[in-house]
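run.pdb (PDB, C-alpha atoms)
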```pdb
ATOM      1  CA  MET T  21     -32.015  71.498 217.180
ATOM      2  CA  ALA T  22     -33.041  74.804 215.705
ATOM      3  CA  ARG T  23     -30.627  77.651 216.305
ATOM      4  CA  SER T  24     -31.812  80.895 217.815
ATOM      5  CA  SER T  25     -31.870  84.079 215.719
ATOM      6  CA  THR T  26     -29.187  85.652 217.964
ATOM      7  CA  ALA T  27     -26.856  82.707 217.374
ATOM      8  CA  ARG T  28     -27.422  82.912 213.618
ATOM      9  CA  ARG T  29     -26.710  86.659 213.597
ATOM     10  CA  LEU T  30     -23.537  86.090 215.612
ATOM     11  CA  ASP T  31     -22.485  83.403 213.129
ATOM     12  CA  GLU T  32     -22.822  85.836 210.224
ATOM     13  CA  THR T  33     -20.830  88.632 211.852
ATOM     14  CA  LEU T  34     -17.945  86.499 213.124
ATOM     15  CA  PRO T  35     -14.907  85.992 210.873
ATOM     16  CA  LEU T  36     -14.423  82.640 209.182
ATOM     17  CA  GLU T  37     -11.550  81.515 211.419
ATOM     18  CA  THR T  38     -13.652  82.009 214.536
ATOM     19  CA  LYS T  39     -16.525  80.020 213.118
ATOM     20  CA  LYS T  40     -14.324  76.990 212.360
ATOM     21  CA  PRO T  41     -12.035  76.339 215.313
ATOM     22  CA  SER T  42      -9.310  73.766 214.760
ATOM     23  CA  PHE T  43      -8.807  70.653 216.865
ATOM     24  CA  GLY T  44      -8.258  71.626 220.467
ATOM     25  CA  GLY T  45      -9.415  75.187 219.853
ATOM     26  CA  GLY T  46      -7.281  78.212 218.980
ATOM     27  CA  GLU T  47      -6.038  79.365 215.613
ATOM     28  CA  PRO T  48      -5.620  76.905 212.762
ATOM     29  CA  PRO T  49      -1.980  75.915 212.216
ATOM     30  CA  VAL T  50      -0.092  78.257 209.921
ATOM     31  CA  PRO T  51       1.321  76.455 206.871
ATOM     32  CA  PRO T  52       5.130  76.537 206.723
ATOM     33  CA  VAL T  53       6.424  79.414 204.597
ATOM     34  CA  ARG T  54       9.611  78.924 202.579
ATOM     35  CA  PRO T  55      11.958  81.720 203.677
ATOM     36  CA  ASN T  56      13.373  84.153 201.138
ATOM     37  CA  VAL T  57      16.898  83.062 200.325
ATOM     38  CA  THR T  58      19.269  85.590 198.778
ATOM     39  CA  ILE T  59      21.362  83.834 196.164
ATOM     40  CA  GLY T  60      23.330  86.749 194.762
ATOM     41  CA  SER T  61      23.617  90.474 194.282
ATOM     42  CA  ASN T  62      22.209  92.653 191.484
ATOM     43  CA  ALA T  63      25.676  92.915 189.914
ATOM     44  CA  TRP T  64      25.788  89.129 189.861
ATOM     45  CA  VAL T  65      22.503  88.958 187.915
ATOM     46  CA  ALA T  66      23.681  91.725 185.550
ATOM     47  CA  VAL T  67      26.839  89.763 184.739
ATOM     48  CA  ILE T  68      24.763  86.628 184.068
ATOM     49  CA  VAL T  69      22.614  88.546 181.570
ATOM     50  CA  PHE T  70      25.744  90.054 179.991
ATOM     51  CA  LEU T  71      27.302  86.597 179.671
ATOM     52  CA  GLY T  72      24.102  85.332 178.033
ATOM     53  CA  ALA T  73      24.440  88.088 175.409
ATOM     54  CA  GLU T  74      28.122  87.230 174.958
ATOM     55  CA  ALA T  75      27.269  83.570 174.475
ATOM     56  CA  MET T  76      24.763  84.501 171.752
ATOM     57  CA  PHE T  77      27.382  86.697 170.055
ATOM     58  CA  PHE T  78      29.774  83.760 169.865
ATOM     59  CA  ALA T  79      26.915  81.478 168.783
ATOM     60  CA  GLY T  80      26.427  83.787 165.773
ATOM     61  CA  LEU T  81      30.122  83.581 164.890
ATOM     62  CA  ILE T  82      30.134  79.790 165.305
ATOM     63  CA  GLY T  83      27.005  79.595 163.092
ATOM     64  CA  ALA T  84      28.871  81.460 160.345
ATOM     65  CA  TYR T  85      31.877  79.164 160.802
ATOM     66  CA  ILE T  86      29.658  76.067 160.454
ATOM     67  CA  VAL T  87      28.259  77.351 157.129
ATOM     68  CA  PHE T  88      31.713  77.748 155.582
ATOM     69  CA  ARG T  89      33.252  74.677 157.233
ATOM     70  CA  VAL T  90      30.510  72.190 156.262
ATOM     71  CA  SER T  91      30.053  73.548 152.739
ATOM     72  CA  ALA T  92      33.784  73.477 151.929
ATOM     73  CA  PRO T  93      34.819  70.401 149.910
ATOM     74  CA  ILE T  94      38.401  70.510 151.304
ATOM     75  CA  TRP T  95      39.254  71.911 154.728
ATOM     76  CA  PRO T  96      41.658  73.551 155.373
ATOM     77  CA  PRO T  97      41.804  74.956 151.828
ATOM     78  CA  PRO T  98      44.889  74.060 149.779
ATOM     79  CA  PHE T  99      48.058  76.199 150.080
ATOM     80  CA  GLN T 100      47.045  77.402 153.533
ATOM     81  CA  PRO T 101      49.159  76.713 156.637
ATOM     82  CA  ARG T 102      47.967  74.161 159.183
ATOM     83  CA  LEU T 103      47.106  75.376 162.663
ATOM     84  CA  PRO T 104      49.417  74.425 165.576
ATOM     85  CA  ILE T 105      47.297  71.838 167.390
ATOM     86  CA  GLY T 106      49.889  70.661 169.947
ATOM     87  CA  VAL T 107      51.060  74.048 171.233
ATOM     88  CA  THR T 108      47.500  75.364 171.378
ATOM     89  CA  GLY T 109      46.440  72.178 173.214
ATOM     90  CA  VAL T 110      49.018  72.901 175.934
ATOM     91  CA  ASN T 111      47.864  76.514 175.939
ATOM     92  CA  THR T 112      44.294  75.263 176.477
ATOM     93  CA  LEU T 113      45.440  73.376 179.576
ATOM     94  CA  ILE T 114      47.134  76.553 180.860
ATOM     95  CA  LEU T 115      43.900  78.506 180.431
ATOM     96  CA  ILE T 116      41.872  75.778 182.182
ATOM     97  CA  ALA T 117      44.401  75.855 185.038
ATOM     98  CA  SER T 118      43.781  79.601 185.342
ATOM     99  CA  ALA T 119      40.055  78.910 185.883
ATOM    100  CA  VAL T 120      40.979  76.516 188.712
ATOM    101  CA  THR T 121      43.216  79.112 190.407
ATOM    102  CA  MET T 122      40.456  81.707 190.028
ATOM    103  CA  ARG T 123      37.982  79.366 191.708
ATOM    104  CA  LEU T 124      40.433  78.771 194.559
ATOM    105  CA  ALA T 125      40.872  82.553 194.896
ATOM    106  CA  VAL T 126      37.113  82.964 195.368
ATOM    107  CA  LYS T 127      37.196  80.197 197.982
ATOM    108  CA  ALA T 128      40.084  81.966 199.742
ATOM    109  CA  VAL T 129      38.010  85.117 200.220
ATOM    110  CA  PHE T 130      35.281  83.051 201.896
ATOM    111  CA  VAL T 131      37.744  81.927 204.568
ATOM    112  CA  SER T 132      39.228  85.471 204.809
ATOM    113  CA  ASP T 133      42.678  84.326 203.653
ATOM    114  CA  ARG T 134      43.908  87.560 202.077
ATOM    115  CA  LYS T 135      47.439  86.382 201.306
ATOM    116  CA  LYS T 136      46.186  83.293 199.518
ATOM    117  CA  LEU T 137      43.643  85.398 197.608
ATOM    118  CA  ILE T 138      46.332  87.784 196.318
ATOM    119  CA  ARG T 139      48.694  84.926 195.456
ATOM    120  CA  LEU T 140      46.016  83.025 193.523
ATOM    121  CA  LEU T 141      44.786  86.125 191.686
ATOM    122  CA  GLY T 142      48.363  86.868 190.646
ATOM    123  CA  LEU T 143      48.832  83.282 189.482
ATOM    124  CA  THR T 144      45.596  83.485 187.465
ATOM    125  CA  ALA T 145      46.774  86.697 185.809
ATOM    126  CA  ILE T 146      50.142  85.109 184.970
ATOM    127  CA  LEU T 147      48.471  82.029 183.428
ATOM    128  CA  GLY T 148      46.136  84.281 181.409
ATOM    129  CA  GLY T 149      49.117  86.344 180.286
ATOM    130  CA  ILE T 150      50.994  83.189 179.191
ATOM    131  CA  PHE T 151      47.951  82.089 177.186
ATOM    132  CA  LEU T 152      47.793  85.452 175.414
ATOM    133  CA  ALA T 153      51.548  85.522 174.778
ATOM    134  CA  VAL T 154      51.552  82.039 173.218
ATOM    135  CA  GLN T 155      48.505  82.890 171.120
ATOM    136  CA  GLY T 156      50.169  86.088 169.938
ATOM    137  CA  TYR T 157      53.391  84.244 169.066
ATOM    138  CA  GLU T 158      51.428  81.619 167.080
ATOM    139  CA  TRP T 159      49.501  84.351 165.263
ATOM    140  CA  VAL T 160      52.726  86.042 164.179
ATOM    141  CA  ARG T 161      54.046  82.700 162.879
ATOM    142  CA  LEU T 162      50.809  81.978 160.992
ATOM    143  CA  PHE T 163      50.889  85.472 159.540
ATOM    144  CA  HIS T 164      54.419  84.881 158.237
ATOM    145  CA  PHE T 165      53.301  81.547 156.752
ATOM    146  CA  GLY T 166      50.682  83.430 154.726
ATOM    147  CA  LEU T 167      47.531  83.022 156.788
ATOM    148  CA  THR T 168      46.044  86.501 156.860
ATOM    149  CA  LEU T 169      42.562  87.923 157.324
ATOM    150  CA  SER T 170      42.157  88.347 153.559
ATOM    151  CA  SER T 171      44.104  85.303 152.322
ATOM    152  CA  SER T 172      41.030  83.046 152.327
ATOM    153  CA  VAL T 173      37.756  82.310 154.115
ATOM    154  CA  TYR T 174      39.821  80.013 156.338
ATOM    155  CA  GLY T 175      42.040  82.891 157.477
ATOM    156  CA  GLY T 176      39.104  85.267 157.842
ATOM    157  CA  LEU T 177      37.153  82.837 160.025
ATOM    158  CA  PHE T 178      40.199  81.905 162.089
ATOM    159  CA  TYR T 179      41.158  85.474 162.918
ATOM    160  CA  THR T 180      37.540  86.529 163.541
ATOM    161  CA  LEU T 181      36.622  83.687 165.900
ATOM    162  CA  ILE T 182      39.928  83.313 167.703
ATOM    163  CA  GLY T 183      40.569  87.052 167.564
ATOM    164  CA  PHE T 184      37.311  87.918 169.312
ATOM    165  CA  HIS T 185      38.068  85.336 171.972
ATOM    166  CA  GLY T 186      41.538  86.844 172.381
ATOM    167  CA  LEU T 187      39.978  90.289 172.809
ATOM    168  CA  HIS T 188      37.713  88.868 175.510
ATOM    169  CA  VAL T 189      40.733  87.395 177.293
ATOM    170  CA  VAL T 190      42.440  90.810 177.139
ATOM    171  CA  GLY T 191      39.295  92.393 178.647
ATOM    172  CA  ALA T 192      39.065  89.714 181.335
ATOM    173  CA  LEU T 193      42.761  90.090 182.148
ATOM    174  CA  THR T 194      42.377  93.876 182.527
ATOM    175  CA  TRP T 195      39.423  93.330 184.865
ATOM    176  CA  LEU T 196      41.440  90.730 186.769
ATOM    177  CA  LEU T 197      44.370  93.109 187.228
ATOM    178  CA  ILE T 198      42.000  95.767 188.624
ATOM    179  CA  VAL T 199      40.563  93.166 191.020
ATOM    180  CA  PHE T 200      44.120  92.163 191.956
ATOM    181  CA  VAL T 201      45.001  95.761 192.876
ATOM    182  CA  LEU T 202      41.767  96.091 194.867
ATOM    183  CA  ALA T 203      42.526  92.824 196.675
ATOM    184  CA  GLU T 204      45.969  94.122 197.605
ATOM    185  CA  LYS T 205      44.302  97.203 199.082
ATOM    186  CA  GLY T 206      42.110  94.900 201.158
ATOM    187  CA  ARG T 207      38.840  95.814 199.492
ATOM    188  CA  PHE T 208      37.466  92.266 199.556
ATOM    189  CA  SER T 209      36.261  90.396 202.611
ATOM    190  CA  LYS T 210      34.082  87.424 203.480
ATOM    191  CA  GLU T 211      31.040  89.714 203.538
ATOM    192  CA  ARG T 212      31.979  91.996 200.646
ATOM    193  CA  HIS T 213      33.355  90.337 197.521
ATOM    194  CA  VAL T 214      30.918  91.040 194.647
ATOM    195  CA  GLY T 215      33.650  92.592 192.477
ATOM    196  CA  LEU T 216      35.797  89.507 192.802
ATOM    197  CA  GLN T 217      32.884  87.137 192.236
ATOM    198  CA  THR T 218      31.677  88.855 189.047
ATOM    199  CA  CYS T 219      35.235  88.954 187.680
ATOM    200  CA  ALA T 220      35.540  85.234 188.418
ATOM    201  CA  MET T 221      32.269  84.605 186.550
ATOM    202  CA  TYR T 222      33.537  86.441 183.478
ATOM    203  CA  TRP T 223      36.895  84.692 183.624
ATOM    204  CA  THR T 224      35.198  81.295 183.897
ATOM    205  CA  PHE T 225      33.032  82.119 180.868
ATOM    206  CA  VAL T 226      36.062  83.101 178.773
ATOM    207  CA  VAL T 227      37.885  79.922 179.821
ATOM    208  CA  ALA T 228      34.855  77.667 179.230
ATOM    209  CA  LEU T 229      34.400  79.109 175.757
ATOM    210  CA  TRP T 230      37.946  78.349 174.654
ATOM    211  CA  PRO T 231      37.794  74.492 174.528
ATOM    212  CA  VAL T 232      34.666  74.808 172.324
ATOM    213  CA  LEU T 233      36.478  77.127 169.896
ATOM    214  CA  TYR T 234      39.645  75.025 170.026
ATOM    215  CA  GLY T 235      37.718  71.852 169.176
ATOM    216  CA  LEU T 236      35.783  73.574 166.411
ATOM    217  CA  VAL T 237      38.575  75.534 164.713
ATOM    218  CA  TYR T 238      41.687  73.463 165.432
ATOM    219  CA  LEU T 239      40.491  69.863 165.695
ATOM    220  CA  LEU T 240      37.478  69.499 163.364
TER     221      LEU T 240
ATOM    222  CA  MET F  27     -12.961  91.507 134.476
ATOM    223  CA  LYS F  28     -11.242  92.520 137.715
ATOM    224  CA  SER F  29     -11.915  89.133 139.267
ATOM    225  CA  LYS F  30     -10.328  87.430 136.228
ATOM    226  CA  ILE F  31      -7.154  89.527 136.601
ATOM    227  CA  LEU F  32      -7.056  88.775 140.322
ATOM    228  CA  LEU F  33      -7.543  85.058 139.644
ATOM    229  CA  GLY F  34      -4.747  85.172 137.054
ATOM    230  CA  LEU F  35      -2.367  86.881 139.499
ATOM    231  CA  VAL F  36      -3.151  84.414 142.285
ATOM    232  CA  SER F  37      -2.657  81.465 139.891
ATOM    233  CA  ALA F  38       0.646  82.853 138.631
ATOM    234  CA  SER F  39       2.005  83.495 142.136
ATOM    235  CA  THR F  40       0.896  80.015 143.248
ATOM    236  CA  ALA F  41       2.618  78.462 140.259
ATOM    237  CA  LEU F  42       5.816  80.457 140.974
ATOM    238  CA  SER F  43       5.901  79.207 144.547
ATOM    239  CA  TYR F  44       6.578  75.698 143.156
ATOM    240  CA  SER F  45       9.631  76.982 141.330
ATOM    241  CA  PRO F  46      11.871  78.704 143.895
ATOM    242  CA  ALA F  47      14.731  79.183 141.408
ATOM    243  CA  ILE F  48      12.545  81.581 139.439
ATOM    244  CA  ALA F  49      10.594  83.095 142.309
ATOM    245  CA  ASN F  50      13.612  83.740 144.555
ATOM    246  CA  ALA F  51      11.219  83.338 147.438
ATOM    247  CA  CYS F  52      13.985  82.725 149.922
ATOM    248  CA  ALA F  53      17.467  84.184 150.322
ATOM    249  CA  VAL F  54      19.058  80.741 150.322
ATOM    250  CA  CYS F  55      16.816  78.939 147.809
ATOM    251  CA  TRP F  56      19.756  78.639 145.434
ATOM    252  CA  ALA F  57      21.136  76.136 147.931
ATOM    253  CA  GLY F  58      18.093  73.905 147.771
ATOM    254  CA  ASP F  59      19.621  71.279 145.524
ATOM    255  CA  GLY F  60      20.639  68.891 148.286
ATOM    256  CA  GLY F  61      24.322  69.846 148.028
ATOM    257  CA  PRO F  62      26.874  70.658 150.747
ATOM    258  CA  ILE F  63      25.756  74.290 150.981
ATOM    259  CA  GLU F  64      22.236  73.201 151.917
ATOM    260  CA  GLU F  65      23.651  70.837 154.526
ATOM    261  CA  ALA F  66      25.880  73.609 155.868
ATOM    262  CA  PHE F  67      22.964  76.016 156.236
ATOM    263  CA  ASN F  68      20.855  73.284 157.838
ATOM    264  CA  TRP F  69      23.494  72.583 160.508
ATOM    265  CA  SER F  70      24.068  76.279 161.110
ATOM    266  CA  VAL F  71      20.353  77.022 161.455
ATOM    267  CA  LEU F  72      19.900  74.040 163.800
ATOM    268  CA  PHE F  73      22.801  75.246 165.941
ATOM    269  CA  LEU F  74      21.504  78.812 166.084
ATOM    270  CA  MET F  75      18.001  77.583 166.907
ATOM    271  CA  ALA F  76      19.302  75.524 169.813
ATOM    272  CA  ALA F  77      21.660  78.237 171.123
ATOM    273  CA  PRO F  78      19.077  80.476 172.916
ATOM    274  CA  TYR F  79      17.521  77.449 174.617
ATOM    275  CA  ALA F  80      20.947  76.269 175.739
ATOM    276  CA  VAL F  81      21.897  79.733 177.043
ATOM    277  CA  VAL F  82      18.616  80.393 178.875
ATOM    278  CA  GLY F  83      18.506  76.792 180.147
ATOM    279  CA  SER F  84      22.044  77.068 181.494
ATOM    280  CA  ILE F  85      21.253  80.344 183.281
ATOM    281  CA  ALA F  86      18.029  78.926 184.751
ATOM    282  CA  GLY F  87      19.820  75.738 185.813
ATOM    283  CA  TRP F  88      22.623  77.720 187.417
ATOM    284  CA  LEU F  89      20.152  79.970 189.291
ATOM    285  CA  PHE F  90      18.213  76.926 190.523
ATOM    286  CA  TYR F  91      21.414  75.183 191.635
ATOM    287  CA  THR F  92      22.626  78.310 193.455
ATOM    288  CA  TYR F  93      19.238  78.800 195.121
ATOM    289  CA  ARG F  94      19.227  75.192 196.371
ATOM    290  CA  ARG F  95      22.799  75.497 197.605
ATOM    291  CA  SER F  96      21.990  78.746 199.444
ATOM    292  CA  ALA F  97      18.887  77.183 201.022
ATOM    293  CA  VAL F  98      20.872  74.150 202.235
ATOM    294  CA  LYS F  99      23.619  76.420 203.600
ATOM    295  CA  ARG F 100      21.036  78.547 205.403
ATOM    296  CA  GLU F 101      19.411  75.487 206.972
ATOM    297  CA  LYS F 102      22.811  74.239 208.120
ATOM    298  CA  ASN F 103      23.651  77.610 209.656
ATOM    299  CA  GLU F 104      20.316  77.714 211.452
ATOM    300  CA  ALA F 105      20.936  74.234 212.831
ATOM    301  CA  LEU F 106      24.326  75.380 214.137
ATOM    302  CA  GLN F 107      22.856  78.370 216.006
ATOM    303  CA  PRO F 108      23.294  78.013 219.779
ATOM    304  CA  ARG F 109      20.179  77.339 221.804
ATOM    305  CA  VAL F 110      18.806  80.216 223.815
ATOM    306  CA  HIS F 111      18.710  79.282 227.481
ATOM    307  CA  LEU F 112      15.876  80.812 229.413
ATOM    308  CA  VAL F 113      17.051  82.147 232.732
ATOM    309  CA  LEU F 114      15.178  83.952 235.395
ATOM    310  CA  ASN F 115      16.098  87.613 235.496
ATOM    311  CA  PRO F 116      15.066  88.815 238.936
ATOM    312  CA  GLU F 117      15.105  92.460 237.879
ATOM    313  CA  GLU F 118      12.768  91.908 234.962
ATOM    314  CA  SER F 119      10.522  89.479 236.756
ATOM    315  CA  GLY F 120      10.104  91.894 239.664
ATOM    316  CA  ARG F 121      10.673  89.203 242.324
TER     317      ARG F 121
END
```

Please express the file's structure as structure tokens.
Amino acid sequence: MARSSTARRLDETLPLETKKPSFGGGEPPVPPVRPNVTIGSNAWVAVIVFLGAEAMFFAGLIGAYIVFRVSAPIWPPPFQPRLPIGVTGVNTLILIASAVTMRLAVKAVFVSDRKKLIRLLGLTAILGGIFLAVQGYEWVRLFHFGLTLSSSVYGGLFYTLIGFHGLHVVGALTWLLIVFVLAEKGRFSKERHVGLQTCAMYWTFVVALWPVLYGLVYLL
Amino acid sequence: MKSKILLGLVSASTALSYSPAIANACAVCWAGDGGPIEEAFNWSVLFLMAAPYAVVGSIAGWLFYTYRRSAVKREKNEALQPRVHLVLNPEESGR
């Protein structure tokens, strides 16, 4: 049946949705929209980017270590002291334990357990301090045995790689102590804990890096 | 004449490219004898090439994991929300 000119004109002026009604009339069903989900704060993203840069810094150092380690005919070089594998292995476990206590501290803030948070942060700081103290003691012993920064490539690489990691632990421990003081003042809650979370991220990075360096420098 | 000089220069540079020890075309060409130094540089370069992919991949993986976890948590919270009971409010209804 031919359509009248009025009907055709009406068809052209009406919007598309009106011209094509859905089943049963009314508006066509709206497709489901995935809601915006906030996964973290801006500080959180900034720390991730910072950790990426840190990882690349250590990748550069490890790359240099690989060049000297693989090209050396004998490793460690003769007349150089051997590194303390056993003591540092135990120290590695202590540092890994500190990452566990840090994780539990973050969980404690989610259930608003302030006492547990402070206790676990303190325990993490103590474990980190023990790690640094043992490392320092071993460094002094190695220094007395003749392993210095300029004694050989071996000494230079050891102190550069492990030294930079030690500096990072010192930085992380300082940050942790600040967070500890803030936690004692009650600055963290279930809703507001970005400072604690970013500190935990940095601490976890420093801890996760250590087994890689330990395996590379002490065991290989 | 000029084209002959140009041809000579191109030929000489092409010939030099086959002899890296003379040309010093690369900073580490002295290690190109198949020895341990070459192997060391190869492993180091491979490691450094893989490092950015590993770092960026880890960050992307972590963001994706956190996003999924947040979405699941949000859905759970929404499911736990109490139902709104509709009750007749005489004042508002005007009856």

For chain F, which residue out of T:Gly83, T:Pro104, T:Gly142, T:Gly60 is the nearest one, using all atoms listed in the file?
-> T:Gly83

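The spacing separating CA of Gly80 (chain T) from CA of Val227 (chain T) amounts to 18.5 Å.
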
Select, from F:Ala66, F:Met75, F:Met27, F:Val36, the residue with the minimum atom-to-atom distance to chain T, counting all atoms listed in the file.
->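 Closest to chain T of all the choices is F:Ala66.
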
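The residues returned by the ChimeraX specification (/F :<6) & /T on the shown structure are Ile59, Gly83, Ile86, Val87, Val90 and Ser91 of chain T.
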
Evaluated on this file, the PyMOL selection byres ((chain T and resi 189-206) around 9) picks out some residues - which ones are they, written as a short mmCIF file (atom, residue, chain, number, x, y, z; two decimals) with C-alpha atoms, in the coordinates of the input?
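Done, and the output landed in out_12.cif:
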```cif
data_model
loop_
_atom_site.label_atom_id
_atom_site.label_comp_id
_atom_site.auth_asym_id
_atom_site.auth_seq_id
_atom_site.Cartn_x
_atom_site.Cartn_y
_atom_site.Cartn_z
CA ARG T 134 43.91 87.56 202.08
CA LYS T 135 47.44 86.38 201.31
CA LEU T 137 43.64 85.40 197.61
CA ILE T 138 46.33 87.78 196.32
CA LEU T 141 44.79 86.12 191.69
CA GLY T 142 48.36 86.87 190.65
CA THR T 144 45.60 83.48 187.46
CA ALA T 145 46.77 86.70 185.81
CA GLY T 148 46.14 84.28 181.41
CA GLY T 149 49.12 86.34 180.29
CA PHE T 151 47.95 82.09 177.19
CA LEU T 152 47.79 85.45 175.41
CA PHE T 184 37.31 87.92 169.31
CA HIS T 185 38.07 85.34 171.97
CA GLY T 186 41.54 86.84 172.38
CA LEU T 187 39.98 90.29 172.81
CA HIS T 188 37.71 88.87 175.51
CA ARG T 207 38.84 95.81 199.49
CA PHE T 208 37.47 92.27 199.56
CA SER T 209 36.26 90.40 202.61
CA GLY T 215 33.65 92.59 192.48
CA LEU T 216 35.80 89.51 192.80
CA CYS T 219 35.24 88.95 187.68
CA ALA T 220 35.54 85.23 188.42
CA TYR T 222 33.54 86.44 183.48
CA TRP T 223 36.90 84.69 183.62
CA VAL T 226 36.06 83.10 178.77
CA VAL T 227 37.88 79.92 179.82
#
```

Between CA of Leu229 (chain T) and CA of Pro98 (chain T), what is the distance, to one decimal in Å?
-> 28.5 Å

Quote the spacing between CA of Phe178 (chain T) and CA of Tyr85 (chain T) in Å to one decimal place.
->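 CA of Tyr85 (chain T) lies 8.9 Å from CA of Phe178 (chain T).
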
Starting from the PyMOL selection byres ((chain T and resi 122) around 7), expand the selection into actual residues of this file and give them as a CSV table (one decimal) with C-alpha atoms, keeping the file's coordinate frame.
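File written: result.csv
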```csv
chain,number,residue,atom,x,y,z
T,118,SER,CA,43.8,79.6,185.3
T,119,ALA,CA,40.1,78.9,185.9
T,120,VAL,CA,41.0,76.5,188.7
T,121,THR,CA,43.2,79.1,190.4
T,123,ARG,CA,38.0,79.4,191.7
T,124,LEU,CA,40.4,78.8,194.6
T,125,ALA,CA,40.9,82.6,194.9
T,126,VAL,CA,37.1,83.0,195.4
T,140,LEU,CA,46.0,83.0,193.5
T,141,LEU,CA,44.8,86.1,191.7
T,144,THR,CA,45.6,83.5,187.5
T,220,ALA,CA,35.5,85.2,188.4
```

Residue with smallest distance to Ala73 (chain T) - pool T:Tyr157, T:Trp95, T:Phe225, T:Phe130, counting only C-alpha atoms =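 Closest to Ala73 (chain T), using only C-alpha atoms: T:Phe225.
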
To test the calculation: enclose all listed atoms of region 76-95 of chain F in a box whose edges run along x, y and z, add 8 Å on each side, then state centre and edge lengths in Å to one decimal, as lines of an AutoDock Vina configuration file.
```
center_x = 20.2
center_y = 77.8
center_z = 183.7
size_x = 21.3
size_y = 21.3
size_z = 43.8
```

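Closest approach to Ile146 (chain T) among T:Val129, T:Leu115, T:Ile182, T:Ala63 is made by T:Leu115 (distances from only C-alpha atoms).
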